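Engineer: Structure supplied as protein_2.cif; contents: mmCIF, C-alpha atoms and all ligand atoms.
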data_run
loop_
_atom_site.label_atom_id
_atom_site.label_comp_id
_atom_site.auth_asym_id
_atom_site.auth_seq_id
_atom_site.Cartn_x
_atom_site.Cartn_y
_atom_site.Cartn_z
CA MET A 762 72.77 28.00 109.57
CA HIS A 763 71.04 24.70 109.02
CA LEU A 764 68.06 23.53 111.04
CA GLN A 765 67.08 19.92 110.54
CA VAL A 766 63.78 18.71 111.91
CA SER A 767 63.87 14.96 111.28
CA SER A 768 60.91 12.63 111.74
CA VAL A 769 59.78 14.38 114.89
CA CYS A 770 56.93 12.75 116.80
CA LYS A 771 55.46 14.24 119.95
CA SER A 772 52.88 12.76 122.29
CA PHE A 773 51.33 14.22 125.41
CA GLY A 774 49.74 12.33 128.29
CA HIS A 775 50.05 8.76 129.48
CA GLY A 776 48.24 5.46 129.05
CA LYS A 777 44.81 5.79 127.48
CA ALA A 778 45.01 9.57 127.60
CA ARG A 779 48.14 9.55 125.46
CA LYS A 780 47.67 11.67 122.37
CA LEU A 781 49.93 11.87 119.33
CA VAL A 782 50.24 15.54 118.47
CA LEU A 783 53.05 15.48 115.89
CA ASP A 784 53.52 12.58 113.52
CA HIS A 785 56.90 12.34 111.75
CA VAL A 786 57.33 16.02 111.03
CA SER A 787 60.41 16.73 108.92
CA PHE A 788 61.70 19.87 107.30
CA ASP A 789 64.89 21.84 106.75
CA LEU A 790 65.68 25.48 107.12
CA HIS A 791 68.75 27.18 105.66
CA SER A 792 70.27 30.63 106.11
CA GLY A 793 68.03 33.30 104.66
CA ASP A 794 64.94 31.08 104.53
CA PHE A 795 61.64 32.46 105.71
CA LEU A 796 59.34 29.54 106.38
CA ALA A 797 55.70 29.90 107.33
CA LEU A 798 53.86 27.12 109.11
CA VAL A 799 50.10 27.30 108.70
CA GLY A 800 47.38 24.94 109.86
CA PRO A 801 44.13 24.70 111.80
CA SER A 802 44.05 25.39 115.51
CA GLY A 803 45.41 22.40 117.41
CA SER A 804 47.46 21.05 114.50
CA GLY A 805 50.64 21.36 116.54
CA LYS A 806 52.20 24.57 115.19
CA SER A 807 53.20 25.95 118.59
CA THR A 808 54.39 22.52 119.63
CA VAL A 809 56.82 22.46 116.66
CA MET A 810 58.03 25.90 117.68
CA ARG A 811 58.48 24.95 121.34
CA LEU A 812 60.50 21.89 120.34
CA ILE A 813 62.80 23.96 118.12
CA ALA A 814 63.13 26.52 120.90
CA GLY A 815 64.17 23.70 123.22
CA LEU A 816 61.33 24.40 125.65
CA ASP A 817 60.20 20.79 125.25
CA HIS A 818 61.64 17.60 123.73
CA PRO A 819 60.45 15.36 120.89
CA SER A 820 59.10 11.92 121.85
CA SER A 821 61.12 10.56 118.94
CA GLY A 822 63.06 11.96 116.02
CA SER A 823 65.56 14.77 116.26
CA ILE A 824 66.08 18.48 115.88
CA CYS A 825 69.57 19.67 115.00
CA LEU A 826 70.92 23.16 114.61
CA ASP A 827 74.17 23.23 112.63
CA GLY A 828 74.59 19.55 113.31
CA GLN A 829 74.14 19.85 117.08
CA PRO A 830 71.02 18.38 118.70
CA VAL A 831 68.78 20.98 120.34
CA LEU A 832 68.74 20.08 124.02
CA GLY A 833 67.36 23.26 125.56
CA PRO A 834 66.75 26.95 125.00
CA GLY A 835 69.64 29.07 123.77
CA SER A 836 70.33 32.56 122.53
CA ASP A 837 71.00 31.15 119.05
CA ARG A 838 67.19 31.06 118.70
CA GLY A 839 65.25 34.28 119.28
CA MET A 840 61.56 33.98 120.05
CA VAL A 841 58.63 36.33 119.66
CA PHE A 842 55.21 35.23 120.88
CA GLN A 843 51.69 36.42 120.21
CA LYS A 844 51.34 37.98 123.62
CA TYR A 845 53.68 40.80 124.37
CA SER A 846 56.36 39.25 126.45
CA LEU A 847 58.23 42.36 127.56
CA TYR A 848 59.19 42.89 131.18
CA PRO A 849 56.71 45.55 132.29
CA TRP A 850 59.07 47.13 134.81
CA LEU A 851 61.87 47.66 132.27
CA THR A 852 62.02 50.40 129.65
CA ALA A 853 62.08 49.54 125.94
CA ALA A 854 65.87 49.90 125.91
CA GLN A 855 66.31 47.81 129.05
CA ASN A 856 64.10 45.11 127.55
CA VAL A 857 66.24 45.01 124.41
CA ALA A 858 69.44 45.01 126.49
CA PHE A 859 68.29 42.22 128.82
CA GLY A 860 69.16 39.20 126.68
CA MET A 861 72.49 40.67 125.62
CA GLU A 862 73.43 41.22 129.27
CA LEU A 863 72.72 37.55 129.93
CA GLN A 864 75.05 36.74 127.04
CA GLY A 865 77.80 38.54 128.92
CA ARG A 866 78.40 41.25 126.34
CA SER A 867 80.28 44.33 127.47
CA ARG A 868 78.30 47.33 128.66
CA SER A 869 79.37 49.49 125.72
CA GLU A 870 78.46 46.80 123.21
CA VAL A 871 75.05 46.32 124.83
CA ARG A 872 74.43 50.07 124.71
CA GLU A 873 75.49 50.32 121.08
CA ARG A 874 73.44 47.33 119.90
CA THR A 875 70.39 48.43 121.87
CA GLY A 876 70.45 51.79 120.14
CA TYR A 877 70.99 50.20 116.76
CA PHE A 878 68.15 47.66 117.00
CA LEU A 879 65.68 50.15 118.47
CA GLU A 880 66.46 52.25 115.43
CA VAL A 881 66.02 49.26 113.10
CA VAL A 882 62.47 48.79 114.40
CA GLY A 883 61.82 52.54 114.27
CA LEU A 884 61.64 53.09 118.01
CA ALA A 885 64.76 55.10 118.81
CA ASP A 886 62.57 57.78 120.38
CA ALA A 887 60.81 55.30 122.65
CA ALA A 888 63.96 53.95 124.31
CA ARG A 889 63.10 55.24 127.77
CA ARG A 890 59.44 54.40 127.76
CA LEU A 891 57.86 51.55 129.68
CA PRO A 892 55.86 48.89 127.82
CA ARG A 893 52.56 50.23 129.16
CA GLU A 894 53.35 53.57 127.53
CA LEU A 895 53.67 51.88 124.12
CA SER A 896 51.00 50.66 121.69
CA GLY A 897 50.67 46.94 120.97
CA GLY A 898 52.51 47.29 117.66
CA MET A 899 55.33 49.21 119.31
CA GLN A 900 55.63 46.60 122.06
CA GLN A 901 55.82 43.87 119.46
CA ARG A 902 58.57 45.78 117.65
CA VAL A 903 60.51 46.01 120.91
CA ALA A 904 60.10 42.24 121.29
CA ILE A 905 61.46 41.77 117.75
CA ALA A 906 64.35 44.17 118.47
CA ARG A 907 65.12 42.21 121.64
CA ALA A 908 65.14 38.92 119.72
CA LEU A 909 67.33 40.33 116.93
CA ALA A 910 69.78 42.07 119.26
CA ALA A 911 70.90 38.76 120.73
CA ASP A 912 72.07 37.89 117.19
CA PRO A 913 70.14 34.62 116.87
CA LYS A 914 70.80 32.22 114.01
CA LEU A 915 67.07 31.73 113.77
CA LEU A 916 64.09 33.89 114.58
CA LEU A 917 61.03 31.98 115.84
CA LEU A 918 57.76 33.88 115.50
CA ASP A 919 54.56 32.35 116.92
CA GLU A 920 51.62 34.45 115.69
CA PRO A 921 53.56 37.62 116.52
CA PHE A 922 50.94 39.95 115.05
CA GLY A 923 47.85 37.98 116.06
CA ALA A 924 46.81 40.45 118.74
CA LEU A 925 47.26 43.56 116.60
CA ASP A 926 44.57 45.37 114.66
CA ILE A 927 44.61 45.10 110.90
CA GLN A 928 46.39 48.36 110.07
CA ILE A 929 49.22 47.86 112.54
CA ARG A 930 49.40 44.26 111.45
CA GLU A 931 49.92 45.27 107.84
CA SER A 932 52.62 47.78 108.68
CA MET A 933 54.36 45.15 110.85
CA GLN A 934 54.25 42.70 107.96
CA GLU A 935 55.80 45.28 105.69
CA PHE A 936 58.40 46.04 108.32
CA LEU A 937 59.33 42.38 108.77
CA HIS A 938 59.50 41.80 105.03
CA GLN A 939 61.88 44.74 104.59
CA LEU A 940 63.94 43.58 107.52
CA TRP A 941 64.25 40.14 105.95
CA GLN A 942 65.33 41.63 102.62
CA ARG A 943 67.79 43.97 104.29
CA THR A 944 69.38 41.67 106.84
CA GLY A 945 68.83 38.22 105.34
CA LEU A 946 67.55 36.90 108.65
CA THR A 947 66.34 33.32 108.90
CA ALA A 948 62.86 32.93 110.28
CA LEU A 949 60.13 30.45 111.08
CA LEU A 950 56.74 32.11 111.26
CA ILE A 951 53.61 30.51 112.65
CA THR A 952 50.42 32.09 111.48
CA HIS A 953 46.91 31.15 110.55
CA ASP A 954 46.75 34.16 108.27
CA LEU A 955 47.41 32.93 104.74
CA GLU A 956 47.98 36.43 103.41
CA GLU A 957 50.63 36.95 106.05
CA ALA A 958 52.29 33.67 105.09
CA LEU A 959 52.33 34.59 101.40
CA LEU A 960 53.54 38.12 102.01
CA LEU A 961 56.45 37.12 104.21
CA ALA A 962 57.59 33.58 103.54
CA ASN A 963 59.52 32.02 100.69
CA ARG A 964 58.04 28.65 101.61
CA VAL A 965 54.77 27.64 103.28
CA HIS A 966 54.20 24.30 104.98
CA ILE A 967 50.64 23.22 105.71
CA LEU A 968 50.19 21.23 108.89
CA ALA A 969 47.14 18.94 109.14
CA PRO A 970 45.74 18.08 112.57
CA ASN A 971 45.13 14.83 114.48
CA PRO A 972 47.96 14.03 114.40
CA GLY A 973 49.91 17.06 113.23
CA ARG A 974 51.82 16.37 110.04
CA ILE A 975 53.01 18.33 107.02
CA VAL A 976 50.67 17.59 104.15
CA ARG A 977 51.82 20.19 101.68
CA SER A 978 54.68 22.50 101.00
CA VAL A 979 54.43 25.46 98.65
CA ALA A 980 57.23 27.67 97.34
CA VAL A 981 56.31 31.35 97.21
CA THR A 982 57.70 33.05 94.13
CA LEU A 983 55.61 36.23 94.17
CA ASP A 984 57.21 39.53 93.26
CA ARG A 985 56.85 41.43 96.54
CA THR A 986 58.77 44.60 95.79
CA ALA A 987 55.57 46.63 96.24
CA MET A 988 53.86 45.05 99.22
CA ALA A 989 50.63 47.01 98.92
CA ASP A 990 50.15 45.92 95.31
CA VAL A 991 50.98 42.27 95.87
CA ARG A 992 47.79 41.67 97.83
CA LEU A 993 45.77 42.64 94.77
CA SER A 994 47.73 40.70 92.16
CA ALA A 995 46.00 37.82 90.42
CA GLU A 996 48.89 35.49 91.25
CA PHE A 997 48.65 36.30 94.95
CA LEU A 998 44.89 35.83 95.05
CA ALA A 999 45.14 32.52 93.22
CA MET A 1000 47.78 31.23 95.63
CA ARG A 1001 45.77 32.37 98.63
CA GLU A 1002 42.64 30.67 97.32
CA ASP A 1003 44.56 27.49 96.59
CA LEU A 1004 45.98 27.38 100.13
CA ALA A 1005 42.61 28.28 101.64
CA ARG A 1006 41.00 25.40 99.79
CA GLY A 1007 43.72 23.09 101.08
CA LEU A 1008 43.09 24.27 104.63
CA ARG A 1009 39.30 24.04 104.38
CA ALA A 1010 39.66 20.40 103.40
CA LEU A 1011 41.38 19.82 106.73
CA GLU A 1012 38.67 21.39 108.88
CA PRO A 1013 36.08 19.03 110.33
CA ALA A 1014 32.86 19.33 108.32
CA LEU A 1015 30.18 21.44 109.99
CA PRO A 1016 26.94 19.60 110.76
CA SER A 1017 24.43 20.52 108.06
N1 LIG Q 1 51.81 20.64 127.26
C1 LIG Q 1 50.78 20.00 126.68
N2 LIG Q 1 50.13 18.99 127.30
C2 LIG Q 1 49.12 18.34 126.71
N3 LIG Q 1 48.67 18.62 125.48
C3 LIG Q 1 49.26 19.61 124.81
C4 LIG Q 1 50.34 20.36 125.38
N4 LIG Q 1 50.73 21.29 124.46
C5 LIG Q 1 49.93 21.13 123.40
N5 LIG Q 1 49.04 20.13 123.60
C6 LIG Q 1 48.03 19.66 122.64
O1 LIG Q 1 48.67 19.51 121.39
C7 LIG Q 1 47.82 19.90 120.32
C8 LIG Q 1 48.52 20.92 119.48
O2 LIG Q 1 48.67 22.12 120.23
P1 LIG Q 1 49.42 23.40 119.66
O3 LIG Q 1 49.33 24.45 120.70
O4 LIG Q 1 50.76 23.01 119.18
O5 LIG Q 1 48.49 23.76 118.42
P2 LIG Q 1 48.52 25.05 117.46
O6 LIG Q 1 48.57 24.54 116.07
O7 LIG Q 1 49.59 25.97 117.90
O8 LIG Q 1 47.07 25.69 117.73
P3 LIG Q 1 46.63 27.25 117.72
O9 LIG Q 1 46.48 27.64 116.27
O10 LIG Q 1 45.30 27.22 118.40
O11 LIG Q 1 47.65 28.04 118.46
C9 LIG Q 1 46.53 20.37 120.98
O12 LIG Q 1 45.60 19.31 120.96
C10 LIG Q 1 46.95 20.67 122.40
O13 LIG Q 1 45.87 20.49 123.28
MG MG Q 2 49.63 27.92 118.65
#
In structure tokens, how does this file's structure come out?
Ligand SMILES: Nc1ncnc2c1ncn2[C@@H]1O[C@H](COP(=O)(O)OP(=O)(O)OP(=O)(O)O)[C@@H](O)[C@H]1O
Ligand SMILES: [Mg+2]
Structural biologist:
Amino acid sequence: MHLQVSSVCKSFGHGKARKLVLDHVSFDLHSGDFLALVGPSGSGKSTVMRLIAGLDHPSSGSICLDGQPVLGPGSDRGMVFQKYSLYPWLTAAQNVAFGMELQGRSRSEVRERTGYFLEVVGLADAARRLPRELSGGMQQRVAIARALAADPKLLLLDEPFGALDIQIRESMQEFLHQLWQRTGLTALLITHDLEEALLLANRVHILAPNPGRIVRSVAVTLDRTAMADVRLSAEFLAMREDLARGLRALEPALPS
């Protein structure tokens, strides 16, 4: 898997109202990479994601997946959004099965993979429950199972845990980190939570706003075998502070 985002510019609006939102954004993603994109609100993070997902097109520049230009959405990219995006009238299992059915997989394969991925996210017992009968964290795990079950080359996560309370959020982070280590998935995570970025990603790009552009890229080399301890390590705290300082410099100064 190789994703190439090359010199992507994106503007919205016309004439005088035209606004440059992304300015020559370039980066690469290879199999097994876990990239976090952080930046202030409005810096264009979701726009980058939507372009990679094929939900919108760059104004200039290109996005290629394994050498092929991204022209529209496809099941080679699985998406998970901040808001639970499950179909409320389908059970957890039916939600997970949905995308695979669209892919034209056989009924037995769909059934088998649905069971497997519900188990991967720890929800085998919830297969027959409707989304409203599940907690926010459980719903988000179903959404992740649904994305993974379609066997995407790339998992796109736009603030997937933003709506969850802190405890569930931390257990989801741990879950995703283990999943990454176990399955070697390739992911692009958007977050404004620096801790989340450092806990999950092996590389962090900082996006500055107006217009959105990558101003810094940091490799994460923390030892994360014990997730709970990492948060307290001096190395982690120093990295977090360094990134936070970088981000603060991008925020407009408050009137004094
Ligand atoms: N479809 C659109 N039409 C016009 N402007 C848009 C559109 N989508 C995004 N924008 C503008 O592009 C800029 C970047 O938006 P985007 O949603 O990508 O930011 P973000 O970094 O994801 O912010 P947040 O952290 O708040 O989610 C904003 O100024 C937004 O108003
Ligand atoms: Mg956003």
Engineer: Can you pull out every residue within 10 Å of A:Gln900, counting only C-alpha atoms, but drop anything in the same chain fewer than 4 positions away, and send it as a count of residues only?
Structural biologist: 15
Engineer: Separation of atom CA of A:Pro834 and atom CA of A:Gly897, in Å?
Structural biologist: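 Computed distance, atom CA of A:Pro834 to atom CA of A:Gly897, equals 26.0 Å.
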Engineer: Kindly work out which residues sit at most 9 Å from ligand LIG 1 (chain Q), using all atoms listed in the file, and give the list as number ranges by chain.
Structural biologist: A: 771-774, 779-783, 799-811, 817, 919-920, 951-953, 968, 970-973
Engineer: Could you give me, as JSON lines, every stretch 975-1014 of chain A residue with an atom at most 9 Å from stretch 928-944 of chain A, plus its closest atom pair and distance in Å to one decimal, counting all atoms listed in the file, rows ordered by chain then number?
Structural biologist:
{"residue": "A:Arg985", "atom": "CA", "partner": "A:His938", "partner_atom": "CA", "distance": 8.9}
{"residue": "A:Met988", "atom": "CA", "partner": "A:Glu935", "partner_atom": "CA", "distance": 6.8}
{"residue": "A:Ala989", "atom": "CA", "partner": "A:Glu935", "partner_atom": "CA", "distance": 8.7}
Engineer: Nearest residue to A:Phe859 out of A:Ile967, A:Val871, A:Met1000, A:Ala980, using all atoms listed in the file?
Structural biologist: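 Among the listed residues, the smallest separation from A:Phe859 belongs to A:Val871.
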Engineer: Give me, please, the distance in Å between atom CA of A:Phe997 and atom CA of A:Ile927, quoted to one decimal.
Structural biologist: 18.7 Å
Engineer: Looking at all atoms listed in the file, which of A:Phe842, A:Gln855, A:Ile975, A:Leu946 is the one that sits closest to ligand MG 2 (chain Q)?
Structural biologist: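 Smallest separation from ligand MG 2 (chain Q) among the options: A:Phe842.
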